>>> print(open('input.tsv').read())   # TSV, C-alpha atoms
chain	number	residue	atom	x	y	z
A	31	MET	CA	70.51	99.98	106.58
A	32	THR	CA	69.99	101.84	103.35
A	33	LEU	CA	72.93	103.33	101.48
A	34	ASP	CA	71.88	106.81	102.60
A	35	GLN	CA	71.97	105.66	106.21
A	36	LYS	CA	75.40	104.08	105.71
A	37	ILE	CA	76.73	107.27	104.12
A	38	ASP	CA	75.38	109.33	107.02
A	39	ALA	CA	76.86	106.91	109.59
A	40	ALA	CA	80.27	106.93	107.89
A	41	GLY	CA	80.29	110.72	107.70
A	42	GLU	CA	79.28	111.03	111.35
A	43	LEU	CA	82.04	108.63	112.42
A	44	ILE	CA	84.65	110.50	110.41
A	45	GLY	CA	83.51	113.81	111.87
A	46	ARG	CA	83.51	112.42	115.41
A	47	VAL	CA	87.06	111.10	115.03
A	48	PHE	CA	88.28	114.45	113.76
A	49	ALA	CA	86.51	116.24	116.61
A	50	ASP	CA	87.76	113.92	119.33
A	51	SER	CA	91.39	113.47	118.26
A	52	VAL	CA	94.13	116.08	118.09
A	53	ALA	CA	96.54	113.55	116.60
A	54	PRO	CA	97.46	113.95	112.91
A	55	ALA	CA	95.33	111.75	110.65
A	56	CYS	CA	95.93	110.03	107.33
A	57	VAL	CA	94.00	107.80	104.94
A	58	THR	CA	95.50	104.92	102.97
A	59	CYS	CA	94.41	104.52	99.37
A	60	SER	CA	95.15	101.86	96.76
A	61	PHE	CA	92.78	103.64	94.35
A	62	GLN	CA	90.38	100.70	94.27
A	63	THR	CA	86.65	101.38	94.47
A	64	GLU	CA	86.23	101.32	98.24
A	65	CYS	CA	89.31	103.47	98.69
A	66	MET	CA	87.87	106.12	96.40
A	67	ALA	CA	84.56	106.09	98.29
A	68	LEU	CA	86.39	106.50	101.60
A	69	VAL	CA	88.72	109.23	100.34
A	70	ASP	CA	85.74	111.13	98.93
A	71	LEU	CA	84.01	110.99	102.32
A	72	VAL	CA	87.12	111.95	104.30
A	73	ILE	CA	88.27	114.86	102.13
A	74	ALA	CA	84.76	116.31	102.35
A	75	GLN	CA	85.62	117.05	105.98
A	76	LYS	CA	89.40	117.43	105.76
A	77	PRO	CA	90.49	118.28	102.20
A	78	ASP	CA	94.21	118.34	102.96
A	79	ILE	CA	94.46	115.01	104.79
A	80	PRO	CA	97.53	113.04	103.63
A	81	VAL	CA	96.49	110.24	101.26
A	82	LEU	CA	99.06	107.45	101.56
A	83	PHE	CA	99.74	105.30	98.49
A	84	LEU	CA	102.04	102.27	98.62
A	85	GLU	CA	104.38	102.78	95.67
A	86	THR	CA	105.58	99.18	95.32
A	87	GLY	CA	107.06	99.66	91.86
A	88	TYR	CA	104.97	96.73	90.63
A	89	HIS	CA	101.59	98.39	90.01
A	90	PHE	CA	99.70	98.20	86.73
A	91	ALA	CA	100.25	101.11	84.36
A	92	GLU	CA	96.50	101.71	84.61
A	93	THR	CA	96.77	102.11	88.38
A	94	TYR	CA	99.44	104.78	88.11
A	95	ALA	CA	97.48	106.67	85.45
A	96	TYR	CA	94.27	106.52	87.49
A	97	ARG	CA	96.11	107.57	90.66
A	98	ASP	CA	97.42	110.67	88.90
A	99	GLN	CA	94.04	111.41	87.32
A	100	MET	CA	92.15	111.23	90.59
A	101	THR	CA	94.84	113.07	92.55
A	102	GLU	CA	94.45	116.00	90.17
A	103	ARG	CA	90.67	115.81	89.99
A	104	LEU	CA	90.13	115.66	93.77
A	105	HIS	CA	93.16	117.83	94.67
A	106	LEU	CA	94.51	115.08	96.91
A	107	ASN	CA	97.45	115.56	99.25
A	108	LEU	CA	99.11	112.41	97.88
A	109	VAL	CA	102.03	110.84	99.74
A	110	ASN	CA	103.80	107.98	97.93
A	111	LEU	CA	105.40	105.48	100.32
A	112	ALA	CA	108.22	103.51	98.72
A	113	SER	CA	110.45	100.64	99.76
A	114	ARG	CA	114.03	101.33	100.86
A	115	GLN	CA	115.19	99.42	97.75
A	116	THR	CA	114.14	99.98	94.16
A	117	VAL	CA	112.61	97.05	92.31
A	118	ALA	CA	115.87	96.58	90.39
A	119	GLU	CA	117.92	96.58	93.59
A	120	GLN	CA	115.62	94.09	95.28
A	121	GLU	CA	115.51	91.74	92.29
A	122	SER	CA	119.28	91.92	91.87
A	123	GLN	CA	119.85	90.96	95.51
A	124	PHE	CA	117.00	88.53	96.16
A	125	GLY	CA	115.61	87.47	92.77
A	126	ILE	CA	111.92	87.69	91.87
A	127	LEU	CA	110.46	87.48	95.35
A	128	ASN	CA	106.89	87.91	94.18
A	129	GLN	CA	107.29	84.46	92.58
A	130	THR	CA	109.46	82.70	95.15
A	131	ALA	CA	108.49	84.36	98.45
A	132	PRO	CA	105.45	86.65	98.07
A	133	ASP	CA	105.18	87.22	101.83
A	134	ARG	CA	108.71	88.58	101.89
A	135	CYS	CA	108.08	90.77	98.85
A	136	CYS	CA	104.95	92.24	100.44
A	137	GLY	CA	106.89	92.75	103.64
A	138	MET	CA	109.61	94.75	101.91
A	139	ARG	CA	107.50	96.69	99.43
A	140	LYS	CA	104.24	97.24	101.34
A	141	VAL	CA	104.35	96.45	105.04
A	142	GLU	CA	107.64	98.11	106.03
A	143	PRO	CA	107.07	101.29	103.98
A	144	LEU	CA	103.51	101.66	105.30
A	145	PHE	CA	104.42	101.11	108.95
A	146	ARG	CA	107.31	103.54	108.59
A	147	GLY	CA	104.95	106.10	107.04
A	148	LEU	CA	102.22	105.57	109.63
A	149	ASP	CA	104.62	106.41	112.43
A	150	ASP	CA	103.98	110.10	111.65
A	151	TYR	CA	100.26	109.81	112.44
A	152	GLY	CA	97.89	108.99	115.27
A	153	VAL	CA	94.74	108.23	113.27
A	154	TRP	CA	94.59	105.88	110.29
A	155	PHE	CA	91.48	105.74	108.08
A	156	THR	CA	91.16	102.55	106.02
A	157	ALA	CA	88.66	101.33	103.42
A	158	LEU	CA	88.47	97.81	104.82
A	159	ARG	CA	85.10	96.07	104.59
A	160	ARG	CA	83.94	92.92	106.37
A	161	GLU	CA	82.55	91.49	103.14
A	162	GLN	CA	85.94	91.52	101.41
A	163	SER	CA	87.49	88.42	102.98
A	164	PRO	CA	87.07	85.84	105.76
A	165	THR	CA	90.07	87.47	107.43
A	166	ARG	CA	88.08	90.70	107.70
A	167	ALA	CA	84.74	89.28	108.86
A	168	ASN	CA	85.22	90.52	112.43
A	169	LEU	CA	86.56	93.93	111.47
A	170	GLN	CA	85.89	96.65	114.05
A	171	THR	CA	84.85	100.09	112.86
A	172	VAL	CA	87.23	101.68	115.35
A	173	ASP	CA	90.18	99.78	116.77
A	174	ASN	CA	93.63	100.26	118.22
A	175	PHE	CA	96.60	99.28	116.06
A	176	ARG	CA	100.14	98.93	117.34
A	177	LEU	CA	103.07	99.52	115.02
A	178	PRO	CA	106.31	97.53	115.35
A	179	THR	CA	107.81	100.62	116.99
A	180	GLY	CA	105.24	100.26	119.77
A	181	LYS	CA	103.30	103.34	118.74
A	182	GLN	CA	99.51	103.01	119.05
A	183	LEU	CA	97.27	104.27	116.28
A	184	LEU	CA	93.51	104.67	116.13
A	185	LYS	CA	92.48	102.61	113.11
A	186	VAL	CA	89.14	103.70	111.67
A	187	SER	CA	87.20	101.75	109.01
A	188	PRO	CA	84.04	103.78	108.22
A	189	LEU	CA	82.97	101.42	105.41
A	190	ALA	CA	83.19	98.24	107.50
A	191	ASP	CA	79.57	97.24	106.91
A	192	TRP	CA	79.33	98.44	103.30
A	193	THR	CA	78.74	95.89	100.56
A	194	ASN	CA	80.41	95.94	97.17
A	195	ALA	CA	77.10	97.11	95.71
A	196	ASP	CA	77.05	99.99	98.21
A	197	VAL	CA	80.50	101.11	97.10
A	198	TRP	CA	79.66	101.05	93.40
A	199	SER	CA	76.35	102.82	93.97
A	200	TYR	CA	78.11	105.53	95.97
A	201	LEU	CA	80.71	106.13	93.25
A	202	LYS	CA	78.01	106.27	90.58
A	203	ARG	CA	76.01	108.71	92.66
A	204	ARG	CA	79.09	110.90	93.12
A	205	GLY	CA	80.06	110.69	89.46
A	206	LEU	CA	83.47	109.24	90.26
A	207	PRO	CA	85.12	107.07	87.59
A	208	VAL	CA	86.73	103.78	88.58
A	209	LEU	CA	90.05	102.16	87.78
A	210	PRO	CA	89.70	100.81	84.20
A	211	LEU	CA	90.99	97.38	85.21
A	212	TYR	CA	87.55	96.58	86.65
A	213	GLU	CA	86.21	96.61	83.10
A	214	GLN	CA	88.68	93.80	82.30
A	215	GLY	CA	87.24	91.53	84.96
A	216	TYR	CA	89.52	92.34	87.89
A	217	THR	CA	87.76	92.58	91.25
A	218	SER	CA	90.63	93.13	93.70
A	219	ILE	CA	93.64	94.97	92.35
A	220	GLY	CA	97.16	95.00	93.76
A	221	CYS	CA	100.58	94.60	92.17
A	222	ALA	CA	100.53	93.44	88.55
A	223	PRO	CA	102.62	90.25	89.01
A	224	CYS	CA	100.35	89.00	91.80
A	225	THR	CA	96.92	90.02	90.50
A	226	THR	CA	94.59	88.23	88.08
A	227	PRO	CA	90.83	88.26	87.57
A	228	PRO	CA	89.19	86.18	90.34
A	229	ALA	CA	89.58	82.41	90.19
A	230	ASP	CA	86.36	82.08	92.19
A	231	PRO	CA	83.57	84.43	91.06
A	232	ASP	CA	82.14	84.34	94.58
A	233	ASN	CA	85.44	85.48	96.14
A	234	PRO	CA	86.56	88.89	94.83
A	235	ARG	CA	90.04	88.48	96.38
A	236	SER	CA	90.70	85.04	94.85
A	237	GLY	CA	92.70	86.69	92.08
A	238	ARG	CA	95.35	87.89	94.53
A	239	TRP	CA	98.64	85.99	95.01
A	240	ALA	CA	97.35	83.05	92.93
A	241	GLY	CA	95.35	81.92	95.95
A	242	ARG	CA	98.51	81.37	98.02
A	243	LYS	CA	97.44	83.86	100.71
A	244	LEU	CA	94.67	86.31	101.59
A	245	GLU	CA	96.50	89.32	103.01
A	246	CYS	CA	99.70	91.24	102.29
A	247	GLY	CA	100.23	91.89	105.99
A	248	ILE	CA	99.62	95.61	106.33
A	249	HIS	CA	96.48	95.10	108.42
A	250	ILE	CA	98.05	92.69	110.90
A	251	ALA	CA	99.00	94.38	114.16
A	252	SER	CA	102.24	93.68	115.97
A	253	ASP	CA	102.07	91.34	118.94
>>> encode(input="input.tsv", output="structure tokens")
Amino acid sequence: MTLDQKIDAAGELIGRVFADSVAPACVTCSFQTECMALVDLVIAQKPDIPVLFLETGYHFAETYAYRDQMTERLHLNLVNLASRQTVAEQESQFGILNQTAPDRCCGMRKVEPLFRGLDDYGVWFTALRREQSPTRANLQTVDNFRLPTGKQLLKVSPLADWTNADVWSYLKRRGLPVLPLYEQGYTSIGCAPCTTPPADPDNPRSGRWAGRKLECGIHIASD
């Protein structure tokens, strides 16, 4: 499909979900490129949709500045989801978990806050793409997702079949600036202590967690 066809298909899917569901909807956004493309498409149809950002306390200064810039520019209904503990409290009690136990750190600062926040919604739009990682190769455009509480969400990934080139072309077409860290060679951007430019130029996510894992856990459903 051409980019125009992918844009049309994504917009039609978003519109269909809004038309078919009476449940409150949200969109998660890390302010990476695909997230900005998705948010732009979603707010075109629902300008006041809550935009959920995982405020881990460990983000790059550039990420926070860009988040604030784009929130103002696009008039986003931003909702910051934070851990129950501050970074100082967590490090005082458990040490530097992002070095010693990154899974546990992600669990406390990303997974638990997100799942707690998602409990208020019935539809969850994500910017996941199949191309991003082997763990996402079989991503469904529309799927059911069960929270630890047992609540079922409709998880919608309108950009599932988009390539990285599609995303960048879309943002250029829309005149949307990108997070400045991309200019420094970063290709997948998370928390500062666990993010470097990619170790493998053919794997955009190889700069995450020093290659120790592929996912933080927020996209893994409960059994």
>>> atom_distance(input="input.tsv", atom1="atom CA of Pro132 of chain A", atom2="atom CA of Tyr151 of chain A")
27.7 Å
>>> residues_around(input="input.tsv", residues="His89 of chain A", least_positions_apart="2", cutoff="8 Å", atoms="only C-alpha atoms", output="ChimeraX atom specification")
/A:85-87,91,93-94,220-222
>>> closest_residue(input="input.tsv", among="A:Val153, A:Arg176, A:Gln170, A:Leu84", to="Gly137 of chain A", atoms="all atoms listed in the file")
A:Leu84
>>> residues_around(input="input.tsv", residues="segment 76-81 of chain A", least_positions_apart="4", cutoff="6 Å", atoms="only C-alpha atoms", output="PyMOL selection string")
chain A and resi 56-58+107-109
>>> write_last_selection(input="input.tsv", atoms="C-alpha atoms", output="JSON list (two decimals), keeping the file's coordinate frame")
[["chain", "number", "residue", "atom", "x", "y", "z"],
["A", 56, "CYS", "CA", 95.93, 110.03, 107.33],
["A", 57, "VAL", "CA", 94.00, 107.80, 104.94],
["A", 58, "THR", "CA", 95.50, 104.92, 102.97],
["A", 107, "ASN", "CA", 97.45, 115.56, 99.25],
["A", 108, "LEU", "CA", 99.11, 112.41, 97.88],
["A", 109, "VAL", "CA", 102.03, 110.84, 99.74]]
>>> closest_residue(input="input.tsv", among="A:Gly215, A:Pro223, A:Pro188, A:Pro228", to="Asp38 of chain A", atoms="all atoms listed in the file")
A:Pro188
>>> closest_residue(input="input.tsv", among="A:Asp50, A:Leu43, A:Thr101, A:Leu158", to="Cys65 of chain A", atoms="all atoms listed in the file")
A:Leu158
